[in-house]
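Asks: Please find one structure pasted underneath; my questions will follow.
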Number of protein chains: 2
Amino acid sequence: MADYQVPLRDMNFLLYDVFKADQLWQSLPTLAERVDKETAEAILQECAKIAEQEIAPLSRNGDEVGVNFDNGKVTTAPGYKQAFDTYVEGGWTALGGEPAFGGMGMPKMLTAFHEEMLCSADISFSLYPGLTAGAGLSLAKHGSDELKERYLTRMYTGEWSATMCLTEAHAGTDLGMIRTKAIPQDDNSYLVTGTKIFITAGEHDLTDNIVHLVLAKLPDAPAGPRGISLFLVPKFHVNEDESLGDRNQVSCGSIEHKMGIHASATCVMNFDGAKGYLVGELNKGLACMFTMMNFERIGVGIQGIGAAVRSYQNALEYAKDRTQSRSLSGVQSPDKEADSLMVHGDVRRMLLNMKAMNEGSRALSTYIAMQLDIATYGDGEAQQKAEQLVALMTPIAKAFFTDLGFESAVAGQQVLGGHGYVREWGQEQLVRDTRIAQIYEGTNGVQAMDLLARKVAGSKGQLVKVFVEEVQQYIAKNTSEQMTEFLQPLAKATTELAQLSQDILTLAQDNPEELGCAANDYLHVFGYTAMAFVWAKMAEVSFMQDQASEFHQSKLHTARYFYARILPRCQSLIASATAGSDAMFDMPEDLF
Amino acid sequence: MADYQVPLRDMNFLLYDVFKADQLWQSLPTLAERVDKETAEAILQECAKIAEQEIAPLSRNGDEVGVNFDNGKVTTAPGYKQAFDTYVEGGWTALGGEPAFGGMGMPKMLTAFHEEMLCSADISFSLYPGLTAGAGLSLAKHGSDELKERYLTRMYTGEWSATMCLTEAHAGTDLGMIRTKAIPQDDNSYLVTGTKIFITAGEHDLTDNIVHLVLAKLPDAPAGPRGISLFLVPKFHVNEDESLGDRNQVSCGSIEHKMGIHASATCVMNFDGAKGYLVGELNKGLACMFTMMNFERIGVGIQGIGAAVRSYQNALEYAKDRTQSRSLSGVQSPDKEADSLMVHGDVRRMLLNMKAMNEGSRALSTYIAMQLDIATYGDGEAQQKAEQLVALMTPIAKAFFTDLGFESAVAGQQVLGGHGYVREWGQEQLVRDTRIAQIYEGTNGVQAMDLLARKVAGSKGQLVKVFVEEVQQYIAKNTSEQMTEFLQPLAKATTELAQLSQDILTLAQDNPEELGCAANDYLHVFGYTAMAFVWAKMAEVSFMQDQASEFHQSKLHTARYFYARILPRCQSLIASATAGSDAMFDMPEDLF
């Protein structure tokens, strides 16, 4: 496998040339105090070092060895503990945390790149700090100061890690059905009993304590999702002097054997009257848990990008090096027995698909992260608009980036032919590792419904208008003639997206099933259109360079490829999305 | 995992209702002697038994345990030897073989279903007899009677297995570069020296001897593919009395560790002056090897179908059983805490995609197998036309069925959510196992070039006309009004395919790279159009039933789904295929 090289140039291009992050940070008082361009560049550089040098080398062996489970004890793969310690020493566990409790409070535009680097290096590793950061967001927002002082601070220092315990064997998407119980005690604590499955990092040997955030129901709670509360349940009790006390009544019953992310401990967690503390209000647990969802779902989307970027780097190195057959245009390398794979149109197709999707995803992810930062730190109309865009685009980030990431990982494997199927080249691991990102944190089908039913239909199309107007204003403001090749098809795609949204909403007035039937196609049309928007922005900046550098030339070529060969995917998707639900619901269940 | 159930009903529907196989067999004298409907039904029934009861139960454990390599010795997974013996006792190794040497000479229309059953049960297992059958075709066609008497007969009895040794570390797609040498000896034999990689079933414990068919070059052979000869190299020498003699100088150096098909031994084979015998003429080795390619490539295509069918069965069982959330139309199962997954549009989308693609692939595969049988056993104009259709559609069978098979396997995994990602449900194994079918036996990119450059451009579009006219005649003959819903879009799709073929050939006149850039999209447009053709045929037969049975109703619903939601994929593919090669070749290699 090629050594992982963090695409720092592209990240900085997006931050400062395309999205003017430095100006944005300056304009938001909270962020202006915390970060400027110089700090941000130093952060990314340091992060790149640890990703390339400490974490990436662990990935292959982590996949082979996996996680060891022995009688409740979980041991991570060789090297994990040491790399995690290095990561903690670097202060990375505090990167996105609340400054009041020891966090660095960096904007999502930066932490998103940190996440991408970690995922390119090793998705399994990334999940240990990743889940802790996610739980930290929820705790920071909803926990009492006492809980935050006691637990959150030590999650930020990296001494302790955290989990999110939602799923039960019979309740995944439908959390309203969970059966885990919490019984109130006289001392204001609760005794939590139940079994949670698919708990990432539920048990491991990287930290001294593990802080579980657990969804459970009080005995007299209302039925369904309105009866769910959120509890903090530590693996070890914490004494008044902050030293660790006895083991709490929570244990790991087994770990899952999975298709990929072998080095991530996916645990069955048994809570057997474990002492827990309420986070937020009673029966508002789902809301507390979903606080972090916008951050987390973008993060899972970025997992798809991470694996795809790695796959591209490997495939490109292989394609340049491997010689096989001659170009259709005649011999290109007469000194060699055959030409390199780079001369073959179909290999270029696979590589350019990957490059256009990966860089397009990174750009769109940065755009969404920027909206999240404005929504979090901005005010007034700009803040409101950003909040709307975040609500709209978070399910797209999660599902679209992971679907494209998987496609890209598979394409990279295909470039290597048989060598892509054997383990030693690493390509097949990326396919297995990234596959999970389409499933967890809400399956991509659930994301599509979140987008179309909750966000689009729920706002009667209003949220779509916010996005469409943003693009249309961009097009209207941009009168440069050389941009016509992009702006014309972008305008057309945007109009078609608006029309599609309207058409589906009209169909769904008579039959709500239209939403479920169209959701997946719709999400992808939206994704490709939004990606066309950010590719236009990247092209615009690249045109602006007086002496167009190789970097900017590459951007322009890739933008053209995206518009010529990827954006047309919308045509079929629109045809399918508007084909009506009859073809899907006329068929009785017995005929399947 | 759901118990595997062979879709016998669908297979018989295709054979007798849609493609009138019994009438065809009657009309071809050679086949009339060998097979009739009664025999064929008995064969499929018996084959279903062994696939369901003997082979399918091995798959999961075979994946877990894999193949053991110890100092040149390869041991297959527990149960494999016993199941293989049962398979041999049933006479299945002779199914497609030449009757003159002990084969049963069954038509491809039947052996194709036998292959599908084996692949649904366990792709790894299927490869041991599969490679032997493939090598048998080449030997039957090109070997001397002496070689056939000595080796082929015992491949048909199942006493011995066979391999195809093509790939070397530096030479995969480009076999002209192979370095394995064959030195002529005085006794008419050759000493073969070289290393072959990715050799399926190169070494194992299922049979007493292994017959390797090896591509090698004589020292004075012409450079490139015209200097390749084919040799038969047995693992053990065979004495004059047909008993086994000493070990030949061929050994297994190691086995590959792969993403899937863990129970298939993928070997590095070292030939170290191994005694071999020429098959066919000197320097005509590639042609001898490619004799079986039409059969083999359809067979690999069927691997995609096999895994996808299994994935559908599992996903459907899960979707019916699993309850999660409520229908958009309101509560469907008030007695349960939630409705089954079957009420959700997006789940139906995934299942119907699978069903439409799987049954469409099986129908198209049967159609191509029929052409292969007519090409093999027919005469006159019908035979010639069939031969053209086989040449045209073999790369489609290989690439399209495996691309769709992979998509379908992934969709089945998605239906199970997190349970699809853990190993115990078996869905993730199907994804890993079927992935290889897109790669070996000529990558799908190579297939696309075979179709577009060799077959379509090579015939100046003539072969496409044969197919287009076949469809147009079918449409013209069919005046039933109720078929309009299918025939109208079929006519449109066929016209668009013809136009696309013409457009690409015109583009390619100026620039041959257009072929490489369009090949993959083109193959898929052709595949979906051909699939629309067989879906129309299936719908036609289903309409004919007086009392439409559930089976035929299901066919009609699925046909409608295919036309509404899958056939429109052509629109985007056509746009991409005709976007021109500039977007792919303007970019210098350094800018990737």
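Residues in the structure tokens are numbered from 1 in each chain, the chains being A, B, ... in the order shown, and ligands are numbered from 1 in the order shown.
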At a cut-off of 7 Å, list the chain A residues touching chain B, using only C-alpha atoms, as a compact mmCIF listing (two decimals) with N, CA and C atoms, in the first residue's frame.

Replies:
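Below is the file selection.txt, written as the result:
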# COMPACT_ATOMS: atom_id res chain seq x y z
N THR A 173 -33.11 1.38 14.30
CA THR A 173 -33.67 2.63 13.79
C THR A 173 -34.77 3.14 14.71
N ASP A 174 -35.55 2.21 15.25
CA ASP A 174 -36.73 2.57 16.03
C ASP A 174 -36.40 2.53 17.52
N GLU A 256 -18.44 -8.20 18.51
CA GLU A 256 -18.94 -8.66 17.21
C GLU A 256 -17.76 -9.02 16.29
N HIS A 257 -18.01 -10.01 15.44
CA HIS A 257 -17.07 -10.32 14.37
C HIS A 257 -17.65 -9.75 13.09
N LYS A 258 -16.91 -8.85 12.49
CA LYS A 258 -17.50 -8.02 11.45
C LYS A 258 -16.77 -8.13 10.12
N MET A 259 -17.39 -7.57 9.11
CA MET A 259 -16.81 -7.51 7.77
C MET A 259 -15.51 -6.72 7.77
N GLN A 324 0.82 -2.72 -18.60
CA GLN A 324 -0.03 -3.81 -19.12
C GLN A 324 -0.69 -3.34 -20.41
N SER A 325 -0.39 -4.02 -21.49
CA SER A 325 -0.98 -3.73 -22.80
C SER A 325 -0.59 -2.33 -23.30
N LEU A 328 -4.56 2.57 -26.95
CA LEU A 328 -5.33 2.50 -28.18
C LEU A 328 -4.77 3.44 -29.24
N SER A 329 -4.05 4.46 -28.79
CA SER A 329 -3.47 5.43 -29.72
C SER A 329 -2.10 5.00 -30.22
N HIS A 344 -4.94 3.80 -20.37
CA HIS A 344 -6.21 3.15 -20.72
C HIS A 344 -7.41 3.97 -20.26
N GLY A 345 -8.30 4.26 -21.18
CA GLY A 345 -9.47 5.09 -20.89
C GLY A 345 -10.27 4.60 -19.71
N ASP A 346 -10.45 3.29 -19.61
CA ASP A 346 -11.30 2.80 -18.54
C ASP A 346 -10.62 2.93 -17.17
N ARG A 348 -8.50 5.45 -16.51
CA ARG A 348 -8.68 6.89 -16.24
C ARG A 348 -10.09 7.19 -15.73
N ARG A 349 -11.05 6.51 -16.32
CA ARG A 349 -12.43 6.69 -15.86
C ARG A 349 -12.54 6.38 -14.36
N GLN A 414 -10.70 -2.07 -7.92
CA GLN A 414 -10.82 -2.58 -9.29
C GLN A 414 -9.58 -2.21 -10.12
N GLY A 417 -7.00 -4.78 -10.06
CA GLY A 417 -7.32 -6.12 -10.56
C GLY A 417 -7.21 -7.15 -9.44
N GLY A 418 -6.64 -8.30 -9.75
CA GLY A 418 -6.51 -9.38 -8.76
C GLY A 418 -5.74 -8.93 -7.52
N TYR A 421 -7.81 -7.67 -4.77
CA TYR A 421 -8.65 -8.62 -4.03
C TYR A 421 -7.87 -9.34 -2.93
N VAL A 422 -6.54 -9.42 -3.08
CA VAL A 422 -5.75 -10.05 -2.03
C VAL A 422 -5.43 -9.01 -0.95
N ARG A 423 -5.18 -9.51 0.24
CA ARG A 423 -5.11 -8.62 1.38
C ARG A 423 -3.88 -7.74 1.40
N GLU A 428 -8.63 -4.00 -0.39
CA GLU A 428 -9.86 -4.69 0.00
C GLU A 428 -10.25 -4.32 1.44
N ILE A 436 -19.24 0.03 6.55
CA ILE A 436 -20.06 0.25 7.74
C ILE A 436 -20.62 1.66 7.79
N ILE A 439 -24.06 2.25 6.98
CA ILE A 439 -25.03 1.56 7.82
C ILE A 439 -25.23 2.25 9.16
N TYR A 440 -24.14 2.50 9.89
CA TYR A 440 -24.35 2.98 11.26
C TYR A 440 -24.64 4.50 11.32
N THR A 443 -28.94 4.37 9.07
CA THR A 443 -28.61 3.85 7.74
C THR A 443 -28.84 4.95 6.70
N GLY A 445 -30.62 4.82 4.17
CA GLY A 445 -32.05 4.91 3.87
C GLY A 445 -32.76 5.81 4.87
N PRO A 512 -48.47 9.48 0.91
CA PRO A 512 -47.20 9.72 1.62
C PRO A 512 -46.11 8.70 1.26
N GLU A 513 -46.51 7.53 0.73
CA GLU A 513 -45.51 6.52 0.38
C GLU A 513 -44.55 7.01 -0.71
N GLY A 516 -41.13 7.78 0.71
CA GLY A 516 -40.24 6.65 0.96
C GLY A 516 -39.67 6.07 -0.32
N CYS A 517 -40.50 6.07 -1.37
CA CYS A 517 -40.06 5.47 -2.64
C CYS A 517 -39.05 6.35 -3.37
N GLU A 550 -0.09 23.78 -11.63
CA GLU A 550 -0.54 22.41 -11.89
C GLU A 550 -1.72 22.06 -10.99
N SER A 554 -5.25 20.99 -12.50
CA SER A 554 -5.84 19.70 -12.14
C SER A 554 -7.28 19.89 -11.66
N HIS A 557 -9.52 20.50 -14.72
CA HIS A 557 -9.77 19.26 -15.47
C HIS A 557 -10.77 18.37 -14.73
N ARG A 560 -14.24 19.67 -14.91
CA ARG A 560 -14.85 19.36 -16.21
C ARG A 560 -15.28 17.90 -16.27
N TYR A 561 -14.44 17.02 -15.74
CA TYR A 561 -14.81 15.61 -15.72
C TYR A 561 -16.09 15.42 -14.91
N ALA A 564 -19.00 16.56 -16.95
CA ALA A 564 -19.24 15.77 -18.16
C ALA A 564 -19.73 14.37 -17.84
N ARG A 565 -19.22 13.77 -16.78
CA ARG A 565 -19.43 12.34 -16.60
C ARG A 565 -20.14 11.94 -15.33
N PRO A 568 -24.37 14.05 -14.94
CA PRO A 568 -25.49 13.45 -15.70
C PRO A 568 -26.19 12.31 -14.98
N ARG A 569 -25.59 11.78 -13.91
CA ARG A 569 -26.28 10.73 -13.16
C ARG A 569 -27.66 11.19 -12.69
N GLN A 571 -29.97 12.59 -14.24
CA GLN A 571 -31.06 12.35 -15.19
C GLN A 571 -31.81 11.07 -14.86
N SER A 572 -31.06 9.99 -14.68
CA SER A 572 -31.69 8.70 -14.37
C SER A 572 -32.36 8.72 -13.00
N ALA A 575 -35.65 10.47 -13.20
CA ALA A 575 -36.65 9.61 -13.85
C ALA A 575 -37.17 8.56 -12.88
N SER A 576 -36.27 7.98 -12.12
CA SER A 576 -36.66 6.94 -11.17
C SER A 576 -37.46 7.53 -10.00
N ALA A 579 -41.06 8.17 -10.86
CA ALA A 579 -41.80 7.08 -11.53
C ALA A 579 -43.03 6.66 -10.74
N ALA A 583 -45.24 1.07 -8.69
CA ALA A 583 -44.36 -0.05 -9.03
C ALA A 583 -43.78 -0.70 -7.78
N MET A 584 -43.82 0.00 -6.66
CA MET A 584 -43.26 -0.54 -5.44
C MET A 584 -44.31 -1.04 -4.46
N MET A 587 -47.37 -4.35 -5.40
CA MET A 587 -47.03 -5.76 -5.24
C MET A 587 -47.25 -6.22 -3.79
N LEU A 591 -45.80 -11.75 -2.82
CA LEU A 591 -45.27 -11.94 -4.18
C LEU A 591 -43.78 -11.62 -4.28
N PHE A 592 -43.21 -11.14 -3.20
CA PHE A 592 -41.77 -10.84 -3.25
C PHE A 592 -40.98 -12.14 -3.37

Asks: CA of Ser251 in chain B to CA of Met269 in chain B: how many Å, to one decimal?

Replies: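 Distance reported for this atom pair: 5.7 Å.
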
Asks: According to DSSP computed on the backbone, where in range 34-178 of chain A is there strand (DSSP E or B)? Give the residues as a list in words.

Replies: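 In range 34-178 of chain A, DSSP puts these residues in strand (DSSP E or B): Asn68, Phe69, Asp70, Lys73, Val74, Thr75, Trp160, Ser161, Ala162, Thr163, Met164, Cys165, Glu168 and Ala171 of chain A.
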
Asks: Set the distance at 10 Å and use only C-alpha atoms: which residues neighbour Glu496 in chain B once local chain neighbours fewer than 5 positions away are removed? I'd like the list as a VMD selection string.

Replies: chain B and resid 490 to 491 501 to 502 525 to 526 529 570 to 571 574

Asks: Quick one: residues within 6 Å of Asn283 in chain A, only C-alpha atoms, excluding same-chain residues fewer than 4 positions away - as a list in words?

Replies: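 Contacts, in chain order: Arg226, Gly227, Ile228 and Ser229 of chain A.
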
Asks: Those residues with C-alpha atoms, as a short mmCIF file (atom, residue, chain, number, x, y, z; two decimals), in the first residue's frame please?

Replies:
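Result file is selection-v7.cif:
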data_model
loop_
_atom_site.label_atom_id
_atom_site.label_comp_id
_atom_site.auth_asym_id
_atom_site.auth_seq_id
_atom_site.Cartn_x
_atom_site.Cartn_y
_atom_site.Cartn_z
CA ARG A 226 -41.08 10.42 24.27
CA GLY A 227 -40.25 8.19 27.21
CA ILE A 228 -36.53 7.94 26.64
CA SER A 229 -33.99 9.51 28.98
#

Asks: So that I can see what lies close to His262 in chain A, please list as number ranges by chain the residues with an atom at most 8 Å from it, counting only C-alpha atoms and leaving out residues fewer than 6 positions away in the same chain.

Replies: A: 62-67, 124

Asks: What lies within 9 Å of Met293 in chain A using only C-alpha atoms, ignoring chain neighbours under 3 positions off, as an MDAnalysis selection string?

Replies: chainID A and resid 134 289:290 296:298 394 441

Asks: Restricted to N, CA and C atoms, what would the selected residues look like written as a PDB file, in the first residue's frame?

Replies:
ATOM      1  N   GLY A 134     -17.962  12.752  20.154  1.00  0.00           N
ATOM      2  CA  GLY A 134     -19.408  12.838  19.945  1.00  0.00           C
ATOM      3  C   GLY A 134     -20.165  12.889  21.255  1.00  0.00           C
ATOM      4  N   MET A 289     -29.409  13.208  22.868  1.00  0.00           N
ATOM      5  CA  MET A 289     -28.516  12.386  22.071  1.00  0.00           C
ATOM      6  C   MET A 289     -28.367  12.958  20.668  1.00  0.00           C
ATOM      7  N   PHE A 290     -29.454  13.514  20.155  1.00  0.00           N
ATOM      8  CA  PHE A 290     -29.408  13.990  18.775  1.00  0.00           C
ATOM      9  C   PHE A 290     -28.762  15.372  18.642  1.00  0.00           C
ATOM     10  N   GLU A 296     -21.944  14.511  14.329  1.00  0.00           N
ATOM     11  CA  GLU A 296     -21.575  13.111  14.175  1.00  0.00           C
ATOM     12  C   GLU A 296     -21.838  12.601  12.778  1.00  0.00           C
ATOM     13  N   ARG A 297     -22.976  12.976  12.221  1.00  0.00           N
ATOM     14  CA  ARG A 297     -23.334  12.453  10.906  1.00  0.00           C
ATOM     15  C   ARG A 297     -22.414  13.005   9.833  1.00  0.00           C
ATOM     16  N   ILE A 298     -22.023  14.267   9.991  1.00  0.00           N
ATOM     17  CA  ILE A 298     -21.020  14.784   9.064  1.00  0.00           C
ATOM     18  C   ILE A 298     -19.723  13.988   9.254  1.00  0.00           C
ATOM     19  N   THR A 394     -27.150  17.877   6.428  1.00  0.00           N
ATOM     20  CA  THR A 394     -26.494  16.865   7.243  1.00  0.00           C
ATOM     21  C   THR A 394     -26.803  15.440   6.770  1.00  0.00           C
ATOM     22  N   GLU A 441     -24.942   4.949  12.518  1.00  0.00           N
ATOM     23  CA  GLU A 441     -25.329   6.361  12.732  1.00  0.00           C
ATOM     24  C   GLU A 441     -26.563   6.712  11.896  1.00  0.00           C
TER      25      GLU A 441
END

Asks: Please return as a PyMOL selection string: the residues of range 73-233 of chain A that backbone DSSP assigns to helix (DSSP H, G or I).

Replies: chain A and resi 80-89+92-94+99-101+108-121+123-142+145-156+175-177+224-227

Asks: Enter the distance from CA of Ala221 in chain A to CA of Val331 in chain B, in Å, rounded to one decimal.

Replies: 21.9 Å

Asks: Which residues are near Met357 in chain A? Cut-off 10 Å, only C-alpha atoms, ignore same chain within fewer than 3 positions. Put them as a PyMOL selection string.

Replies: chain A and resi 305+308-309+351-354+360-363+401+404-405+407-408+528+531+558+562+566

Asks: Given the choices A:Gly253, A:Pro107, A:Gly461, A:Gly158, which gets closest to Ile210 in chain A if the distance is worked out from only C-alpha atoms?

Replies: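 Smallest separation from Ile210 in chain A among the options: A:Gly158.
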
Asks: For Glu470 in chain B, which residue out of B:Arg34, B:Arg454, B:Arg154, B:Lys385 is the nearest one, using only C-alpha atoms?

Replies: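 So, comparing all the options, the nearest one is B:Lys385.
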
Asks: Mind pulling up the distance from CA of Leu118 in chain B to CA of Tyr318 in chain B?

Replies: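 For CA of Tyr318 in chain B relative to CA of Leu118 in chain B, the distance reads 22.8 Å.
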
Asks: Find, counting only C-alpha atoms, the residue in A:Gln388, A:Tyr277, A:Lys477, A:Val466 that gets nearest to Ile374 in chain A.

Replies: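 Ranked by minimum distance to Ile374 in chain A, first place goes to A:Gln388.
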
Asks: Calculated over only C-alpha atoms, which of the candidates A:Gly276, A:Lys108, A:Trp92, A:Ala539 has the smallest distance to Ala375 in chain A?

Replies: A:Lys108
